[in-house]
Structure formats: C-alpha cells, structure tokens
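Report on the following structure.
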Amino acid sequence: MKKLQIAALILLTVAGLFFCLLGSGTLALMQSGLMSFLSPLSQSGHTVKKSLGSLGKDLLTLDQLEAECSRLEADNRRLRAENNGLRDLLEENNHLRQALGYREHSSFLLTPATILSHDAGVWWSSVKINRGAKDGIATDMPVITDRGLIGKITSVSDNVSEVLLITDENCKVAAKVEGTKEQGICAGPRIASGDLHLTFLSKLADLQPGQKVYTAGVSGGVFPSGISLGTVKSFHARELDGEAILEPAADLDNLEEVFIVTGAK
C-alpha cells in the first residue's frame, strides 16, 4: 500500500514538473485543441435544446385540439348540408325540366298544379291541388303526371280542387291491354292496397307480367285514350271473367306536381 502511494506521489511530481517546463504557448495550443474537440458536442447540445424548445411552442394543448376537432366536425356537417341541398335542387330542376318537356310535347292541353294535401287514410284515395274554377278547372277533368293517370277532379272551389285517385274503387276507368284485344274496367280494390284491379277481361286472356295498360277512351267517357294506367303484375281467371292486378304507372306515393287535362291540342 505504501509502495502505491509512493509511486503515485512520484507521478504527480513528474507531471507537475512537466507542465512547469512547458511554455505558455504550448499550454495555449493544448487548450485550443481541447476546446476544438469539445465545441461540436457543445453546439449539438445547444441545437437539440433549441429544437426541443421550438417543438414545445408548436405543440397544441388538449383543449386546443378538442376545439379544433369541434370546428372541423361543424365544417363537415355544414358541407354535408350544403351538398344535400344542392342535390335536392338538382333533382327538382331535372324533374321540372322533364315535366316541362312532357307538357310541351303532350297531345293534351295541360294546366300544371301542385299537391296541397292528401287525405288522412292509410292508402290515399284523394288529394287536393292548388287549382280551381278561377283557373278554368271543372269536375271530371282527368289529372295526370308525366308517367301516367292519377285520377279525376271530383269537386272544385275558386282556388282548390279535389282529385279522386285511380286507386279508389269509385274511380273506374275503361282500359285496354297493349298488344291484345282485351279491354276491361280498371279501379282500386275494396280493400286499399296501392294496386289496381283490371276486371271484365276474358277468362282465356293470355296476359303476362310487364304488359302495359292504357285508357281505352270510350265514347262519352271522362278519360281520353292512350294515357298510361300501369303494368300487369299477375292475371287469374275468375268464375265469370278474368282479372289482372296492375302496378300504377304514376308514383302515387310521392305526388308533388301534376297536370289537369283541360282539352286536346
């Protein structure tokens, strides 16, 4: 142990004498070299510290993040609403264009009207429209859409009229089946279902699903010939006649704009 202490003391003494013998220029040179070696490490530490400080400034707090999320959700809802509104306007515009084109090319004189209300039944049997006697509307005038017959006028006031729909059993229409000699009477069933029943057909009528049915336009009748009524869904023979079930051509569940047939062109 004493030998180690004596050796350490000798080394310290030699080192002290070494530095004492060095000139000031040599010591300065060694100091400069040491500083040059440590300088990059010091600068790197400073850069990292500065970057971390800048990153801390850029980070959002939890409250700020929640506020930004709420703003983005509100913007998303607003854009969705605007998109839906534009889509509705486009559909309405296309519908009006189609209706206008139908009116211009129709062989009938047509007065446009808007549905005001439906009856309170589970299956609508009548609707009210915003045209009346002041518009030249009278009872028994047919009412149609660009897709087909929907009914006839049954009562009229100055500015409002009531339309009995073809799905009501009291709205009877003489009808003919496309591509055949079959004719019958079309009306709604006693128990409302939204379909049409074409009766008084031949029991041997060979009717197939998809066949078109039109108004027959009998002499003295209310409805002119050639207005679409619907398409055949099924046919069956009864004891005295044949009966076909029809799907109405007009969309009676979504009526908005209609036309009253006031005469022929």
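Chain identifiers are assigned as A, B, and so on, following the order in which chains appear in the structure tokens; residues are numbered from 1 within each chain, and ligands are numbered from 1 in order of appearance.
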
Which residues of segment 208-259 of chain A have any atom within 10 Å of an atom in segment 152-170 of chain A when counting only C-alpha atoms, and what is the closest pair of atoms for each, with the distance in Å to one decimal? Order the rows by chain and rising number and write it as a Markdown table.
```
| residue | atom | partner | partner_atom | distance |
| --- | --- | --- | --- | --- |
| A:Val222 | CA | A:Lys152 | CA | 8.3 |
| A:Phe223 | CA | A:Lys152 | CA | 8.5 |
| A:Leu229 | CA | A:Ile166 | CA | 8.8 |
| A:Pro248 | CA | A:Thr167 | CA | 8.3 |
| A:Leu252 | CA | A:Leu165 | CA | 8.3 |
```

Take the residues just selected and output them with N, CA and C atoms as a tab-separated table (two decimals), in the first residue's frame.
```
chain	number	residue	atom	x	y	z
A	222	VAL	N	-114.86	9.90	-69.46
A	222	VAL	CA	-114.12	11.01	-68.86
A	222	VAL	C	-112.68	11.06	-69.35
A	223	PHE	N	-112.08	9.89	-69.55
A	223	PHE	CA	-110.65	9.82	-69.82
A	223	PHE	C	-110.38	9.61	-71.31
A	229	LEU	N	-101.89	3.64	-67.65
A	229	LEU	CA	-102.51	3.30	-66.36
A	229	LEU	C	-101.56	2.49	-65.48
A	248	PRO	N	-99.63	0.70	-60.66
A	248	PRO	CA	-99.90	2.00	-61.29
A	248	PRO	C	-98.65	2.56	-61.97
A	252	LEU	N	-97.92	7.26	-57.09
A	252	LEU	CA	-98.96	7.89	-56.28
A	252	LEU	C	-98.51	8.17	-54.85
```

Between atom CA of Thr139 of chain A and atom CA of Ile191 of chain A, what is the spacing in Å?
-> 25.6 Å

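Note that the spacing between atom CA of Gln211 of chain A and atom CA of Phe108 of chain A amounts to 24.3 Å.
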
Atom-to-atom span, atom CA of Asp63 of chain A and atom CA of Glu82 of chain A, Å | 28.8 Å

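Ranking A:Gly230, A:Gly151, A:Gly194, A:Gly136 by their shortest atom-to-atom distance to Ala175 of chain A, with only C-alpha atoms included, puts A:Gly230 first.
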
Write out as an MDAnalysis selection string all residues of segment 98-233 of chain A that DSSP puts in helix (DSSP H, G or I) for this structure's backbone.
-> chainID A and resid 98:105 133:135

Name the residues in contact with Leu196 of chain A at a cut-off of 7 Å, using only C-alpha atoms, excluding same-chain residues fewer than 6 positions from it; report them as a PDB file with C-alpha atoms, in the first residue's frame.
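Generated file (part.pdb):
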```pdb
ATOM      1  CA  THR A 167    -106.571   3.512 -56.571  1.00  0.00           C
ATOM      2  CA  CYS A 186    -109.737  -0.550 -64.036  1.00  0.00           C
ATOM      3  CA  ALA A 187    -110.218   0.619 -60.428  1.00  0.00           C
ATOM      4  CA  GLY A 188    -108.820   0.249 -56.946  1.00  0.00           C
ATOM      5  CA  PRO A 189    -109.814  -2.776 -54.830  1.00  0.00           C
ATOM      6  CA  ILE A 245    -103.512  -6.957 -60.933  1.00  0.00           C
ATOM      7  CA  LEU A 246    -101.708  -3.816 -62.087  1.00  0.00           C
ATOM      8  CA  GLU A 247     -98.940  -1.678 -60.693  1.00  0.00           C
ATOM      9  CA  PRO A 248     -99.896   2.001 -61.295  1.00  0.00           C
TER      10      PRO A 248
END
```

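For Ser225 of chain A, the list of residues within 9 Å, based on only C-alpha atoms and with local chain neighbours fewer than 6 positions off taken out, reads Ala175, Tyr214, Thr215, Ala216, Gly217 and Val218 of chain A.
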